[in-house]
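The structure appears below as structure tokens.
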Amino acid sequence: MLTFDNVSFAYGQQAVLKNISLQIMEGEFLTIIGPNGSGKSTLSKLMNGLIQPYLGQILVDRLDTQSPQNLKEIRQIVGLIFQNPEDQFISTTVFDEVIFGLENIAVEPDKMQSIAEDALKKVGMLSYKDVEPHKLSGGQKQRVAIAAILAMKPKYIVFDESTAMLDPNGQKSIMTLMQHLHDEGFTIIHITHLMEEALKATRVLVLNGGVIVAEGAPVDVFHNSRVIENNELDVPLPLKLKGRLSEAGIVVPKQLVTLEGIVDYIWTSN
Amino acid sequence: MIENVLVGQFVETSSVFHRLDPRSKLISIFCIVIAFFLIDNAAGYLLAGLFVFGCITLSHIPWRIFLKGLKPILFILSFTIVYHILFTKGENLLFHYGILSIYIEGIISGSRLVVRIILLVLITSLLTLTTKPLELAYGFEVLCKPLKKLRFPVEQFSLMLAITLRFIPTIVMELDKIIEAQKARGVNFEDKSLMKKVLSYIPIIVPLLFTSINRAENLANAIDARAYGDGSGRTRYKTLRFETRDYIAMSISLFMVGTFLILKMLGG
Amino acid sequence: MDIKLENVSYKYPSLSNDSWESIRELNCMFETGKWLSVIGQTGSGKSTLMKLLKGLIAPTAGRLLINGQENKLSKKGNAQIIQEVGLVFQYPEHQLFETTVLKDLAFGPKNQGVKKEEINDRTKVIIELVGLSEAYFDKAPFELSGGEKRRVAIATVLMMNPEVLILDEPTAGLDPQGSKLILQLVHDWQKAGGGQRTVIFVTHQMNEVAEYSDEVLVMNDGEIVFQENPIALFREHDHELKAFGLDIPDSVKLLKLFEHRFGKRIEVHSLQEEVVLEEVVAYFTKQGDDLL
Ligand SMILES: Nc1ncnc2c1ncn2[C@@H]1O[C@H](COP(=O)(O)OP(=O)(O)OP(=O)(O)O)[C@@H](O)[C@H]1O
Ligand SMILES: Nc1ncnc2c1ncn2[C@@H]1O[C@H](COP(=O)(O)OP(=O)(O)OP(=O)(O)O)[C@@H](O)[C@H]1O
Ligand SMILES: [Mg+2]
Ligand SMILES: [Mg+2]
């Protein structure tokens, strides 16, 4: 379990997160949304001790992120994938990139190859093993970044707008990969500006001005028009459709959140 | 611009140089650089030239690429030669006009220096073009291990080296982008007085600084997030081991030093 | 301003031998007054095409015609910058460098030799157009929020009074409302030009394409594979688009699902979410009545 207990954070004088209390359970698929500058990336960096709160406490499986001797273990437990696929690549080949993390956590050298290959297979990049990063597309680079984290066997994987710079195929393939990983038991924390992506979560958290202003199941959060309007958000089309339908007197069950589901429901109920 | 920067670019051709241990490459290059500084006569230049020619041919990397690497230093080269021609005094006057006198010695010493710089650049390019930055850094780290006793942060320094090499092309690419964007906003980098040219670089420097800092921060985060820590206690996938070819390479380099020493003594 | 490409190819200069043409034998026409969206996978050549249109790079083969006139190369063999084309790069906020917003806005027109009074007049109009106010003039660009910076960066290009505005992924990384604002301001700018202003809009978000486009240009592997009106393109060619690694907007997905389920095709005059929702809901309610 990942616990934020009354956490505040500031860059210099500027308070960025204020009294955040939050628990993330194992096996969750949590999506964090909110306007630019609301503190989402800051929150993600707090999760694996890249930065430290000035108030409050963050526990990763009971390990305090503020004790330096915990950091190596914490970073192995919480993997972080960033937005820009370019800036995450440290090595000159795909395989070396995955190896880098394994070397850092002192894996035995003769086990590295099979671990790295397994991780690359999971993201479908094994055949690119010896390729140099500049020959990969943005989406492929992101998948390598994910493999590099997977190889370290984390429990929690945080994606900070990892689809933002990708084309539709790249976006979809990363989303599918996230869902696979979630099905396999990884805890997924996903930061995004794309509302359709937020629908895939088990829980949505809305951040604005450094405070959590709403949280709950995606349907509930998006049904609350005040939350949408006050936080620079938008309602995904399926929920807009449901809203219009209910105004017209057609009530669609709450759990249906895809266009397919809604259209099928109306078709069968007629 | 990016196509003219060789530092940090790695070209895969699977030549013998690619297979050499990074440590032996570093040691060899070190020897050869020393050897080249010993050259002071025509025979030496000829030998060194042939040696470099041979190495480059063996590397299977097209000459074109090496020549491109010389482009950015063209300015330095022409400056060197002009400086020598104008200011070296000698005995054999070639040309005299007003305060301007040009001696044959000036031309010779200028050309020598230029040839030496070219040879040095070519041979060091060979090192970076055939070695991946992380490998080079690892070789460096192992070679410098003894310095750890003096509390020199060898691991961090070697990572720093690797990252610098890895990111120079990225930063140059960034520079290209910024120049393009400024051109799009009407900046004219061509036909201008020197003063104006210098001023027109301000809109480039500021964004470059910002994006570089930004990138550096992102990269630092990416490295930290992968539990690099302070670089100690890491294991290594590949342990470096000297093979026969490494001993051969180092012997050849030592032999070069010896040859040039002898040549120098014979000449002087 | 009409821009026409005739058999244009472009190959980046490169170190190794394995470089290929990023743009191959393009033939296309950008007509005055239209909103043209450009989509395509990563690396399909969208940004390269935009640089060609601005004259930042010169075609390695083929010709670029502006109002029928060929864009000649400079004496040094470089491309000639096309003044009438404004190009907003990806993450343009990284390009702001002056100490105040006002100075940054004035930078472009000053380079073009526009008079001071004229620049002053323009700044006032443009800052309003991008949804900010004169109160921002004295702020340092670095103090602004992400969305505000992006809008100032777009304003710096609008200041140069282009006839054609090219935006390369202008909404990447912005929150939903921020993205909508950008689309809206570009739309307003185009409307204010009386049919003389062209917009070329590069994006990875199909939903954004559905909002205002008159035409969609689809690129794949350096070639143009479609140049069509969005309704026809997305409704008829969804399979091809998927094969090119692309997708269709949500509004079209809805129309297609509906058609598939109910066997009835709803004709729409626009793919905007609001329009499509209205049509579909109207049909659902009517159908309910029919059945009852
Ligand atoms: N390194 C930094 N130094 C100073 N201030 C920072 C730094 N990083 C972020 N900030 C500020 O902290 C606030 C929150 O930033 P953060 O990056 O967490 O927002 P975000 O929700 O991730 O936004 P976005 O959606 O744009 O990514 C912003 O006001 C930002 O300007
Ligand atoms: N400066 C450059 N030097 C060499 N090759 C380049 C350069 N810029 C782009 N390319 C190559 O040209 C091709 C087209 O790139 P371009 O940037 O135009 O694609 P794009 O469609 O804009 O992609 P994205 O959606 O990722 O922005 C790619 O194969 C790319 O690798
Ligand atoms: Mg962020
Ligand atoms: Mg692009």
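Starting from 1 in every chain, residues are counted up; chains themselves are A, B, ... following the order of the structure tokens, and ligands are numbered from 1 as listed.
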Which residues of chain A are close to chain C, meaning at most 8 Å apart when you count only C-alpha atoms, and how do they look as a short mmCIF file (atom, residue, chain, number, x, y, z; two decimals) with C-alpha atoms, in the first residue's frame?
```
data_model
loop_
_atom_site.label_atom_id
_atom_site.label_comp_id
_atom_site.auth_asym_id
_atom_site.auth_seq_id
_atom_site.Cartn_x
_atom_site.Cartn_y
_atom_site.Cartn_z
CA GLY A 34 -6.46 17.90 -13.33
CA PRO A 35 -5.44 21.13 -15.02
CA ASN A 36 -1.89 22.07 -16.05
CA GLY A 37 0.17 22.98 -13.03
CA SER A 137 9.18 5.61 -32.89
CA GLY A 138 7.98 7.50 -29.82
CA GLU A 161 1.43 11.45 -19.28
CA ALA A 164 0.87 12.55 -24.50
CA MET A 165 3.51 12.66 -27.22
CA LEU A 166 2.37 9.57 -29.09
CA ASP A 167 0.32 8.95 -32.22
CA PRO A 168 -3.06 7.14 -31.96
CA ASN A 169 -1.49 3.72 -32.35
CA HIS A 193 -5.15 14.81 -19.89
CA LEU A 194 -7.15 12.49 -22.11
CA GLU A 232 -10.70 22.47 -16.77
CA LEU A 233 -11.86 18.95 -17.55
CA ASP A 234 -14.14 17.53 -20.15
CA LEU A 237 -18.29 11.23 -25.27
CA LEU A 241 -24.28 10.60 -24.67
CA ARG A 244 -28.31 13.53 -23.29
CA LEU A 245 -30.22 10.29 -23.32
CA ALA A 248 -34.58 12.62 -23.28
CA ILE A 250 -33.80 7.08 -21.77
CA LEU A 259 -20.15 3.73 -26.78
CA GLU A 260 -20.53 0.06 -27.74
CA VAL A 263 -25.66 1.57 -28.20
CA ASP A 264 -26.01 -2.18 -27.59
CA TRP A 267 -30.67 -1.87 -29.16
CA ASN A 270 -36.02 -1.96 -27.54
#
```
Any idea which chain B residues end up within 8 Å of chain A if we count only C-alpha atoms, as a short mmCIF file (atom, residue, chain, number, x, y, z; two decimals) with N, CA, C and O atoms, in the first residue's frame please?
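So out.cif came out as:
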```cif
data_model
loop_
_atom_site.label_atom_id
_atom_site.label_comp_id
_atom_site.auth_asym_id
_atom_site.auth_seq_id
_atom_site.Cartn_x
_atom_site.Cartn_y
_atom_site.Cartn_z
N LYS B 132 30.47 2.53 -27.80
CA LYS B 132 29.25 3.09 -27.22
C LYS B 132 29.61 3.90 -25.98
O LYS B 132 30.47 3.48 -25.20
N PRO B 133 28.94 5.04 -25.79
CA PRO B 133 29.28 5.90 -24.67
C PRO B 133 29.33 5.18 -23.32
O PRO B 133 30.27 5.36 -22.55
N LEU B 134 28.34 4.31 -23.06
CA LEU B 134 28.34 3.64 -21.76
C LEU B 134 29.54 2.69 -21.61
O LEU B 134 30.08 2.54 -20.53
N ILE B 163 26.92 10.24 -20.10
CA ILE B 163 25.74 11.04 -20.42
C ILE B 163 26.10 12.22 -21.31
O ILE B 163 25.37 12.57 -22.22
N ARG B 166 26.43 10.84 -24.67
CA ARG B 166 25.14 10.41 -25.19
C ARG B 166 24.28 11.63 -25.57
O ARG B 166 23.51 11.59 -26.52
N ARG B 215 15.97 19.30 -19.91
CA ARG B 215 16.32 17.93 -20.29
C ARG B 215 17.20 17.27 -19.23
O ARG B 215 17.02 16.11 -18.90
N ASN B 218 15.04 16.21 -16.44
CA ASN B 218 14.28 15.01 -16.79
C ASN B 218 15.16 13.77 -16.75
O ASN B 218 14.77 12.73 -16.25
N LEU B 219 16.36 13.93 -17.29
CA LEU B 219 17.26 12.79 -17.36
C LEU B 219 17.69 12.36 -15.95
O LEU B 219 17.72 11.18 -15.63
N ASN B 221 16.03 12.72 -13.30
CA ASN B 221 14.89 12.00 -12.72
C ASN B 221 14.81 10.57 -13.23
O ASN B 221 14.56 9.65 -12.46
N ALA B 222 15.03 10.41 -14.54
CA ALA B 222 14.94 9.07 -15.12
C ALA B 222 16.01 8.15 -14.54
O ALA B 222 15.75 6.98 -14.27
N ILE B 223 17.19 8.71 -14.31
CA ILE B 223 18.27 7.89 -13.75
C ILE B 223 17.98 7.54 -12.29
O ILE B 223 18.11 6.40 -11.86
N ASP B 224 17.55 8.56 -11.54
CA ASP B 224 17.22 8.33 -10.13
C ASP B 224 16.09 7.32 -9.99
O ASP B 224 16.11 6.46 -9.12
N ALA B 225 15.07 7.48 -10.85
CA ALA B 225 13.91 6.60 -10.76
C ALA B 225 14.29 5.15 -11.02
O ALA B 225 13.55 4.25 -10.69
N ARG B 226 15.44 4.95 -11.62
CA ARG B 226 15.86 3.57 -11.85
C ARG B 226 16.92 3.15 -10.86
O ARG B 226 17.76 2.29 -11.14
N ALA B 227 16.85 3.75 -9.68
CA ALA B 227 17.63 3.29 -8.54
C ALA B 227 19.13 3.33 -8.75
O ALA B 227 19.85 2.48 -8.26
N TYR B 228 19.61 4.32 -9.49
CA TYR B 228 21.05 4.42 -9.66
C TYR B 228 21.74 4.74 -8.32
O TYR B 228 22.84 4.27 -8.05
N GLY B 229 21.05 5.50 -7.51
CA GLY B 229 21.61 5.86 -6.20
C GLY B 229 22.86 6.68 -6.36
O GLY B 229 22.90 7.61 -7.16
N GLY B 231 25.68 5.33 -7.34
CA GLY B 231 26.55 4.64 -8.29
C GLY B 231 27.38 3.54 -7.66
O GLY B 231 28.05 2.80 -8.36
N GLY B 233 27.90 -0.06 -5.45
CA GLY B 233 27.19 -1.32 -5.26
C GLY B 233 26.47 -1.83 -6.48
O GLY B 233 25.51 -2.58 -6.37
N ARG B 234 26.90 -1.38 -7.66
CA ARG B 234 26.25 -1.89 -8.86
C ARG B 234 26.94 -3.17 -9.32
O ARG B 234 28.11 -3.39 -9.02
N THR B 235 26.19 -4.01 -10.03
CA THR B 235 26.84 -5.14 -10.68
C THR B 235 26.95 -4.80 -12.16
O THR B 235 26.37 -3.85 -12.62
N ARG B 236 27.70 -5.62 -12.89
CA ARG B 236 27.90 -5.34 -14.30
C ARG B 236 27.51 -6.55 -15.13
O ARG B 236 27.88 -7.66 -14.81
N TYR B 237 26.77 -6.28 -16.19
CA TYR B 237 26.35 -7.36 -17.09
C TYR B 237 27.57 -7.95 -17.79
O TYR B 237 27.78 -9.14 -17.81
N LYS B 238 28.36 -7.06 -18.38
CA LYS B 238 29.54 -7.49 -19.09
C LYS B 238 30.74 -7.20 -18.21
O LYS B 238 30.94 -6.07 -17.82
#
```
Exercise for review: Return as a ChimeraX atom specification the residues belonging to chain B that are within 10 Å of chain C, counting only C-alpha atoms.
Suggested key: /B:1-6,9,11-12,61-62,64-66,68-69,177-188,190,202-208,210-211,214
Write a file of the just-selected residues containing C-alpha atoms, as a tab-separated table (two decimals), in the first residue's frame.
```tsv
chain	number	residue	atom	x	y	z
B	1	MET	CA	24.38	21.21	-37.95
B	2	ILE	CA	23.71	17.84	-36.35
B	3	GLU	CA	25.11	15.99	-39.32
B	4	ASN	CA	28.51	17.64	-38.68
B	5	VAL	CA	28.93	16.70	-35.06
B	6	LEU	CA	30.73	13.43	-34.47
B	9	GLN	CA	27.73	9.39	-32.37
B	11	VAL	CA	28.37	3.88	-35.95
B	12	GLU	CA	27.82	0.14	-35.92
B	61	ILE	CA	33.25	3.46	-41.37
B	62	PRO	CA	32.94	5.59	-44.52
B	64	ARG	CA	32.78	10.73	-45.59
B	65	ILE	CA	31.81	10.57	-41.93
B	66	PHE	CA	35.31	11.33	-40.71
B	68	LYS	CA	32.38	15.65	-41.81
B	69	GLY	CA	33.83	15.56	-38.33
B	177	LYS	CA	15.37	23.21	-33.79
B	178	ILE	CA	15.79	26.51	-32.00
B	179	ILE	CA	17.64	28.05	-34.92
B	180	GLU	CA	14.83	26.92	-37.21
B	181	ALA	CA	12.20	28.41	-34.93
B	182	GLN	CA	14.07	31.71	-34.78
B	183	LYS	CA	14.38	31.77	-38.55
B	184	ALA	CA	10.64	31.26	-38.68
B	185	ARG	CA	10.30	34.36	-36.53
B	186	GLY	CA	12.27	36.40	-39.01
B	187	VAL	CA	15.80	36.23	-37.64
B	188	ASN	CA	18.30	36.33	-40.45
B	190	GLU	CA	23.10	35.17	-42.99
B	202	ILE	CA	20.81	35.71	-27.87
B	203	PRO	CA	17.41	34.33	-28.89
B	204	ILE	CA	19.16	31.00	-29.34
B	205	ILE	CA	21.22	30.87	-26.20
B	206	VAL	CA	18.35	31.58	-23.81
B	207	PRO	CA	16.01	28.86	-25.10
B	208	LEU	CA	18.92	26.44	-25.44
B	210	PHE	CA	16.30	26.46	-20.70
B	211	THR	CA	15.67	23.34	-22.72
B	214	ASN	CA	14.96	20.98	-18.53
```
Check your understanding: Counting only C-alpha atoms, what is within 8 Å of Ile32 in chain A, bar same-chain residues fewer than 3 positions away, as a ChimeraX atom specification?
Key -> /A:40,189-192,198,204-207
Review point. Taking only C-alpha atoms and all ligand atoms into account, which of C:Val152, C:Ile23, C:Cys28, C:Leu233 comes nearest ligand 2?
Key: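 Between C:Val152, C:Ile23, C:Cys28, C:Leu233, the residue approaching ligand 2 most closely is C:Ile23.
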Name all residues at most 7 Å from Glu31 in chain C (count only C-alpha atoms; drop same-chain ones fewer than 3 positions away) and give them as a short mmCIF file (atom, residue, chain, number, x, y, z; two decimals) with all heavy atoms, in the first residue's frame.
```
data_model
loop_
_atom_site.label_atom_id
_atom_site.label_comp_id
_atom_site.auth_asym_id
_atom_site.auth_seq_id
_atom_site.Cartn_x
_atom_site.Cartn_y
_atom_site.Cartn_z
N ASP C 2 -2.34 30.50 -52.14
CA ASP C 2 -2.37 29.09 -52.48
C ASP C 2 -0.95 28.53 -52.47
O ASP C 2 -0.04 29.13 -53.01
CB ASP C 2 -2.94 28.89 -53.90
CG ASP C 2 -4.44 29.15 -53.94
OD1 ASP C 2 -5.06 29.08 -52.86
OD2 ASP C 2 -4.97 29.42 -55.03
N ILE C 3 -0.79 27.37 -51.87
CA ILE C 3 0.51 26.71 -51.91
C ILE C 3 0.34 25.39 -52.63
O ILE C 3 -0.60 24.64 -52.36
CB ILE C 3 1.06 26.44 -50.49
CG1 ILE C 3 1.06 27.73 -49.68
CG2 ILE C 3 2.45 25.84 -50.56
CD1 ILE C 3 1.58 27.55 -48.28
N LYS C 34 -8.93 27.68 -46.21
CA LYS C 34 -9.39 26.40 -45.65
C LYS C 34 -8.72 26.07 -44.33
O LYS C 34 -7.66 26.58 -44.01
CB LYS C 34 -9.09 25.28 -46.64
CG LYS C 34 -9.93 25.34 -47.88
CD LYS C 34 -10.34 23.95 -48.32
CE LYS C 34 -11.49 24.04 -49.28
NZ LYS C 34 -11.36 23.11 -50.38
#
```
Review point. Where does DSSP see strand (DSSP E) in range 4-202 of chain C, if you list the residues as number ranges by chain?
Key: C: 4-11, 21-30, 35-40, 61-66, 69-70, 85-88, 164-168, 198-202
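Remark: for His134 in chain A, the closest of the candidate residues A:Gly170, A:Gly216, A:Gly243, A:Pro85 is A:Pro85 (distances computed over only C-alpha atoms).
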Review point. Counting only C-alpha atoms, what is within 12 Å of Leu122 in chain B, bar same-chain residues fewer than 3 positions away, as an MDAnalysis selection string?
Key: chainID B and resid 6:7 29 32:33 36 48:49 51:57 59 61 63:71 73 115:119 125:129
**Study point:** Residue list (alpha helix (DSSP H), DSSP) for range 66-240 of chain A, as a PyMOL selection string
**Key:** chain A and resi 71-77+94-104+109-122+138-150+168-183+195-198+218-223+225-230+237-240
